[in-house]
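Chemist: To be precise about what I am sending: the file is called final_22.cif and holds mmCIF, C-alpha atoms.
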```cif
data_protein
#
loop_
_atom_site.label_atom_id
_atom_site.label_comp_id
_atom_site.auth_asym_id
_atom_site.auth_seq_id
_atom_site.Cartn_x
_atom_site.Cartn_y
_atom_site.Cartn_z
CA MET A 1 -24.37 -18.26 9.54
CA LYS A 2 -21.09 -17.11 10.98
CA GLU A 3 -18.30 -19.67 10.77
CA ILE A 4 -16.62 -20.84 13.98
CA ASN A 5 -14.24 -23.42 12.49
CA TRP A 6 -12.93 -24.92 9.25
CA ASP A 7 -15.79 -27.42 8.98
CA ASP A 8 -18.28 -24.54 9.07
CA CYS A 9 -16.32 -22.81 6.29
CA LEU A 10 -16.67 -25.90 4.09
CA ALA A 11 -20.34 -26.42 5.01
CA ASN A 12 -21.20 -22.78 4.27
CA LYS A 13 -19.17 -22.83 1.04
CA SER A 14 -16.92 -20.06 2.32
CA ALA A 15 -14.15 -22.50 1.44
CA LYS A 16 -14.37 -24.91 -1.45
CA SER A 17 -12.38 -27.92 -2.56
CA ILE A 18 -10.79 -27.34 -5.95
CA THR A 19 -8.18 -28.98 -8.10
CA PRO A 20 -4.81 -27.88 -6.69
CA ASP A 21 -3.64 -24.85 -8.68
CA ILE A 22 0.15 -24.64 -8.53
CA ASN A 23 0.39 -21.88 -11.17
CA ARG A 24 -2.06 -19.62 -9.37
CA ALA A 25 -0.25 -20.28 -6.09
CA GLN A 26 3.11 -19.38 -7.62
CA SER A 27 1.69 -16.20 -9.13
CA LEU A 28 0.37 -15.12 -5.73
CA ILE A 29 3.74 -15.83 -4.10
CA GLU A 30 5.52 -13.72 -6.71
CA THR A 31 3.00 -10.89 -6.29
CA ALA A 32 3.42 -10.94 -2.50
CA LYS A 33 7.21 -10.87 -2.78
CA GLU A 34 7.12 -8.01 -5.26
CA ARG A 35 4.71 -5.99 -3.11
CA ILE A 36 6.99 -6.44 -0.08
CA SER A 37 10.06 -5.49 -2.11
CA LEU A 38 8.46 -2.12 -2.93
CA ILE A 39 8.17 -1.15 0.73
CA LYS A 40 11.05 1.13 1.59
CA GLU A 41 10.70 2.70 5.01
CA VAL A 42 8.03 2.97 7.65
CA THR A 43 7.22 6.49 8.74
CA GLU A 44 4.52 8.01 10.88
CA ARG A 45 2.85 9.25 7.71
CA ASN A 46 2.84 5.96 5.77
CA CYS A 47 2.71 3.32 8.55
CA ASN A 48 -0.95 2.40 8.03
CA PHE A 49 -0.44 2.01 4.28
CA VAL A 50 2.68 -0.10 4.79
CA PHE A 51 0.71 -2.28 7.19
CA GLU A 52 -2.00 -2.75 4.55
CA ASP A 53 0.63 -3.82 2.02
CA TYR A 54 2.08 -6.37 4.42
CA TYR A 55 -1.39 -7.66 5.28
CA THR A 56 -2.28 -8.01 1.59
CA SER A 57 0.96 -9.90 0.97
CA LEU A 58 0.19 -12.15 3.91
CA LEU A 59 -3.26 -12.89 2.42
CA GLU A 60 -1.67 -13.73 -0.91
CA LEU A 61 0.69 -16.20 0.76
CA LEU A 62 -2.16 -17.82 2.68
CA GLN A 63 -4.22 -18.12 -0.47
CA ALA A 64 -1.20 -19.57 -2.29
CA ILE A 65 -0.81 -22.48 0.10
CA ALA A 66 -4.57 -23.07 0.05
CA PHE A 67 -4.57 -23.21 -3.77
CA ARG A 68 -1.60 -25.60 -3.68
CA LYS A 69 -3.51 -27.85 -1.29
CA GLY A 70 -6.75 -27.71 -3.30
CA TYR A 71 -8.85 -25.07 -1.53
CA ASN A 72 -10.35 -21.77 -2.58
CA ILE A 73 -11.03 -19.77 0.58
CA LEU A 74 -13.43 -16.89 0.16
CA ASN A 75 -13.02 -14.84 3.34
CA HIS A 76 -10.39 -13.81 5.83
CA ILE A 77 -12.03 -15.57 8.77
CA CYS A 78 -11.89 -18.91 6.98
CA LEU A 79 -8.26 -18.26 6.04
CA GLY A 80 -7.63 -18.03 9.77
CA PHE A 81 -9.49 -21.27 10.43
CA TYR A 82 -7.45 -22.92 7.66
CA LEU A 83 -4.32 -21.90 9.56
CA ARG A 84 -5.66 -23.10 12.89
CA ASP A 85 -7.64 -26.22 11.98
CA VAL A 86 -5.96 -27.58 8.84
CA LEU A 87 -2.34 -26.45 9.17
CA LYS A 88 -2.54 -26.85 12.96
CA ARG A 89 -0.83 -23.51 13.60
CA GLU A 90 -2.70 -21.96 16.51
CA ASP A 91 0.28 -19.63 17.06
CA LEU A 92 0.00 -18.16 13.56
CA TYR A 93 -3.79 -18.10 13.78
CA LEU A 94 -3.62 -15.86 16.87
CA ILE A 95 -1.24 -13.46 15.12
CA PHE A 96 -3.34 -13.48 11.95
CA ASP A 97 -6.57 -12.85 13.84
CA ASP A 98 -5.03 -9.89 15.66
CA ILE A 99 -3.74 -8.25 12.49
CA ARG A 100 -6.98 -9.11 10.64
CA TYR A 101 -8.89 -7.18 13.31
CA LYS A 102 -6.51 -4.21 13.00
CA ARG A 103 -6.84 -4.24 9.23
CA ASN A 104 -10.67 -4.36 9.44
CA SER A 105 -10.66 -1.41 11.85
CA LEU A 106 -8.50 0.53 9.43
CA THR A 107 -10.30 -0.44 6.24
CA TYR A 108 -13.95 -0.54 7.30
CA TYR A 109 -14.08 1.93 10.19
CA GLY A 110 -11.34 4.39 9.32
CA SER A 111 -9.57 3.75 12.62
CA ARG A 112 -5.96 4.54 11.89
CA MET A 113 -3.32 3.06 14.12
CA ASP A 114 -0.86 5.27 15.94
CA PHE A 115 2.74 4.91 14.80
CA GLU A 116 3.84 2.50 17.56
CA THR A 117 0.81 0.21 17.12
CA ALA A 118 1.32 0.18 13.36
CA LYS A 119 5.01 -0.66 13.75
CA GLN A 120 4.12 -3.53 16.07
CA ALA A 121 1.50 -4.80 13.60
CA ILE A 122 4.03 -4.55 10.75
CA ASP A 123 6.57 -6.50 12.82
CA LYS A 124 3.94 -9.20 13.44
CA CYS A 125 3.28 -9.36 9.70
CA ARG A 126 6.99 -9.69 8.97
CA ARG A 127 7.39 -12.50 11.52
CA PHE A 128 4.29 -14.22 10.18
CA ILE A 129 5.53 -14.00 6.59
CA LYS A 130 8.96 -15.33 7.57
CA GLU A 131 7.39 -18.30 9.36
CA PHE A 132 4.89 -18.86 6.60
CA ASN A 133 7.62 -18.91 3.95
CA GLN A 134 9.11 -21.83 5.86
CA ILE A 135 5.74 -23.61 5.86
CA MET A 136 5.49 -23.07 2.10
CA LYS A 137 8.99 -24.48 1.53
CA GLU A 138 8.11 -27.55 3.59
CA ALA A 139 4.87 -28.02 1.64
CA ILE A 140 6.69 -27.81 -1.69
CA ASN A 141 9.41 -30.23 -0.54
CA HIS A 142 6.72 -32.63 0.68
CA GLU A 143 5.00 -32.48 -2.73
CA LYS A 144 8.28 -33.38 -4.48
CA ARG A 145 8.64 -36.64 -2.50
#
```
Output the file's structure in the form of structure tokens.

Modeler:
Amino acid sequence: MKEINWDDCLANKSAKSITPDINRAQSLIETAKERISLIKEVTERNCNFVFEDYYTSLLELLQAIAFRKGYNILNHICLGFYLRDVLKREDLYLIFDDIRYKRNSLTYYGSRMDFETAKQAIDKCRRFIKEFNQIMKEAINHEKR
């Protein structure tokens, strides 16, 4: 059955409750930051690959907050529903779903983006990551209280 919301993800075991895993979350954050730090410039030749790196980093950050909060999410669609239904960030969900679709087109159908589309997708990833870093900081500060 295809999930249409977070409750479906839990019911279908596409997302599972786990013991919060702070170490795994921190490792994913460090990996995402390192991957991003290796990106130098975006060119017409490498733009699709740079986009994939940003998307992968974005996934790692999403998984990190889920692990911190006690969830193991097994697919990208449920990561989106976690954003929308649990974190209550419809704005980020819409961005994520758009770039998820672009990444699927690239990865599974070989549909490369033109340079301008790729640059726009990369900019969306950058904005998402910046916003999500703030969410992560707030979550960590909340845990310390």

Chemist: List as CSV every residue of range 26-53 of chain A that is in contact with range 132-138 of chain A, defined as an atom at most 12 Å from one of its atoms (using only C-alpha atoms), together with the nearest atom pair and the distance in Å rounded to one decimal, sorted by chain and then rising number.

Modeler:
```
residue,atom,partner,partner_atom,distance
A:Gln26,CA,A:Met136,CA,10.7
A:Ile29,CA,A:Asn133,CA,9.5
A:Ala32,CA,A:Asn133,CA,11.1
A:Lys33,CA,A:Asn133,CA,10.5
```

Chemist: Selection in question (the file shown): the PyMOL selection byres ((chain A and resi 12) around 12). Which residues does it include, as a list in words?

Modeler: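 The output of the PyMOL selection byres ((chain A and resi 12) around 12) on this file is Met1, Lys2, Glu3, Ile4, Asn5, Trp6, Asp7, Asp8, Cys9, Leu10, Ala11, Lys13, Ser14, Ala15, Lys16, Ile73, Leu74, Asn75 and Cys78 of chain A.
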
Chemist: Which one is closest to Glu60 in chain A: A:Arg35, A:Arg126, A:Lys102, A:Arg84? Count all atoms listed in the file.

Modeler: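 Of A:Arg35, A:Arg126, A:Lys102, A:Arg84, the one nearest Glu60 in chain A is A:Arg35, counting all atoms listed in the file.
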
Chemist: Could you list, as number ranges by chain, every residue within 8 Å of Leu28 in chain A, counting all atoms listed in the file and ignoring same-chain residues fewer than 6 positions away?

Modeler: A: 60-61, 63-64

Chemist: Provide the CA of Arg127 in chain A to CA of Ile140 in chain A distance in Å, to one decimal place.

Modeler: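 If I compute the distance from CA of Arg127 in chain A to CA of Ile140 in chain A, I get 20.2 Å.
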
Chemist: Go through range 11-66 of chain A and flag each residue having an atom no more than 10 Å from range 88-101 of chain A; for those, report the closest pair of atoms plus their distance in Å to one decimal, using all atoms listed in the file, ordered by chain and rising number, as CSV.

Modeler:
```
residue,atom,partner,partner_atom,distance
A:Phe51,CA,A:Ile99,CA,9.1
A:Glu52,CA,A:Ile99,CA,9.8
A:Tyr55,CA,A:Ile99,CA,7.6
A:Leu58,CA,A:Phe96,CA,8.9
A:Leu59,CA,A:Phe96,CA,9.5
```

Chemist: Write the residues of the selection above to a file with C-alpha atoms, as a PDB file, keeping the file's coordinate frame.

Modeler:
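Saved file result.pdb follows:
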```pdb
ATOM      1  CA  PHE A  51       0.710  -2.280   7.190  1.00  0.00           C
ATOM      2  CA  GLU A  52      -2.000  -2.750   4.550  1.00  0.00           C
ATOM      3  CA  TYR A  55      -1.390  -7.660   5.280  1.00  0.00           C
ATOM      4  CA  LEU A  58       0.190 -12.150   3.910  1.00  0.00           C
ATOM      5  CA  LEU A  59      -3.260 -12.890   2.420  1.00  0.00           C
TER       6      LEU A  59
END
```

Chemist: Tell me, in Å to one decimal, how far CA of Ala121 in chain A is from CA of Ser27 in chain A.

Modeler: 25.4 Å

Chemist: Figure out the distance between CA of Phe81 in chain A and CA of Ala118 in chain A, please, to one decimal in Å.

Modeler: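 Atom-to-atom, CA of Ala118 in chain A and CA of Phe81 in chain A are spaced 24.2 Å apart.
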
Chemist: Considering all atoms listed in the file, return as an MDAnalysis selection string whatever protein or nucleic-acid residues lie within 7 Å of Asp21 in chain A, sequence-local ones (same chain, fewer than 2 positions apart) excluded.

Modeler: chainID A and resid 19 23:25 67:68 70

Chemist: A:Cys47, A:His76, A:Asp85, A:Tyr109: which is nearest Leu62 in chain A, counting all atoms listed in the file?

Modeler: A:His76

Chemist: May I ask which of the residues A:Glu131, A:Lys69, A:Asn46, A:Leu38 is the closest one to Ile18 in chain A, counting all atoms listed in the file?

Modeler: A:Lys69

Chemist: Running the PyMOL selection byres ((chain A and resi 44) around 9) on this model by hand, what would come out? Give it as JSON, numbers by chain.

Modeler: {"A": [42, 43, 45, 46, 47, 48, 114, 115, 116, 118]}

Chemist: So, with all atoms listed in the file as the atoms that count, which of A:Ala66, A:Pro20, A:Asp53, A:Ile77 lies closest to Ile36 in chain A?

Modeler: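 Smallest separation from Ile36 in chain A among the options: A:Asp53.
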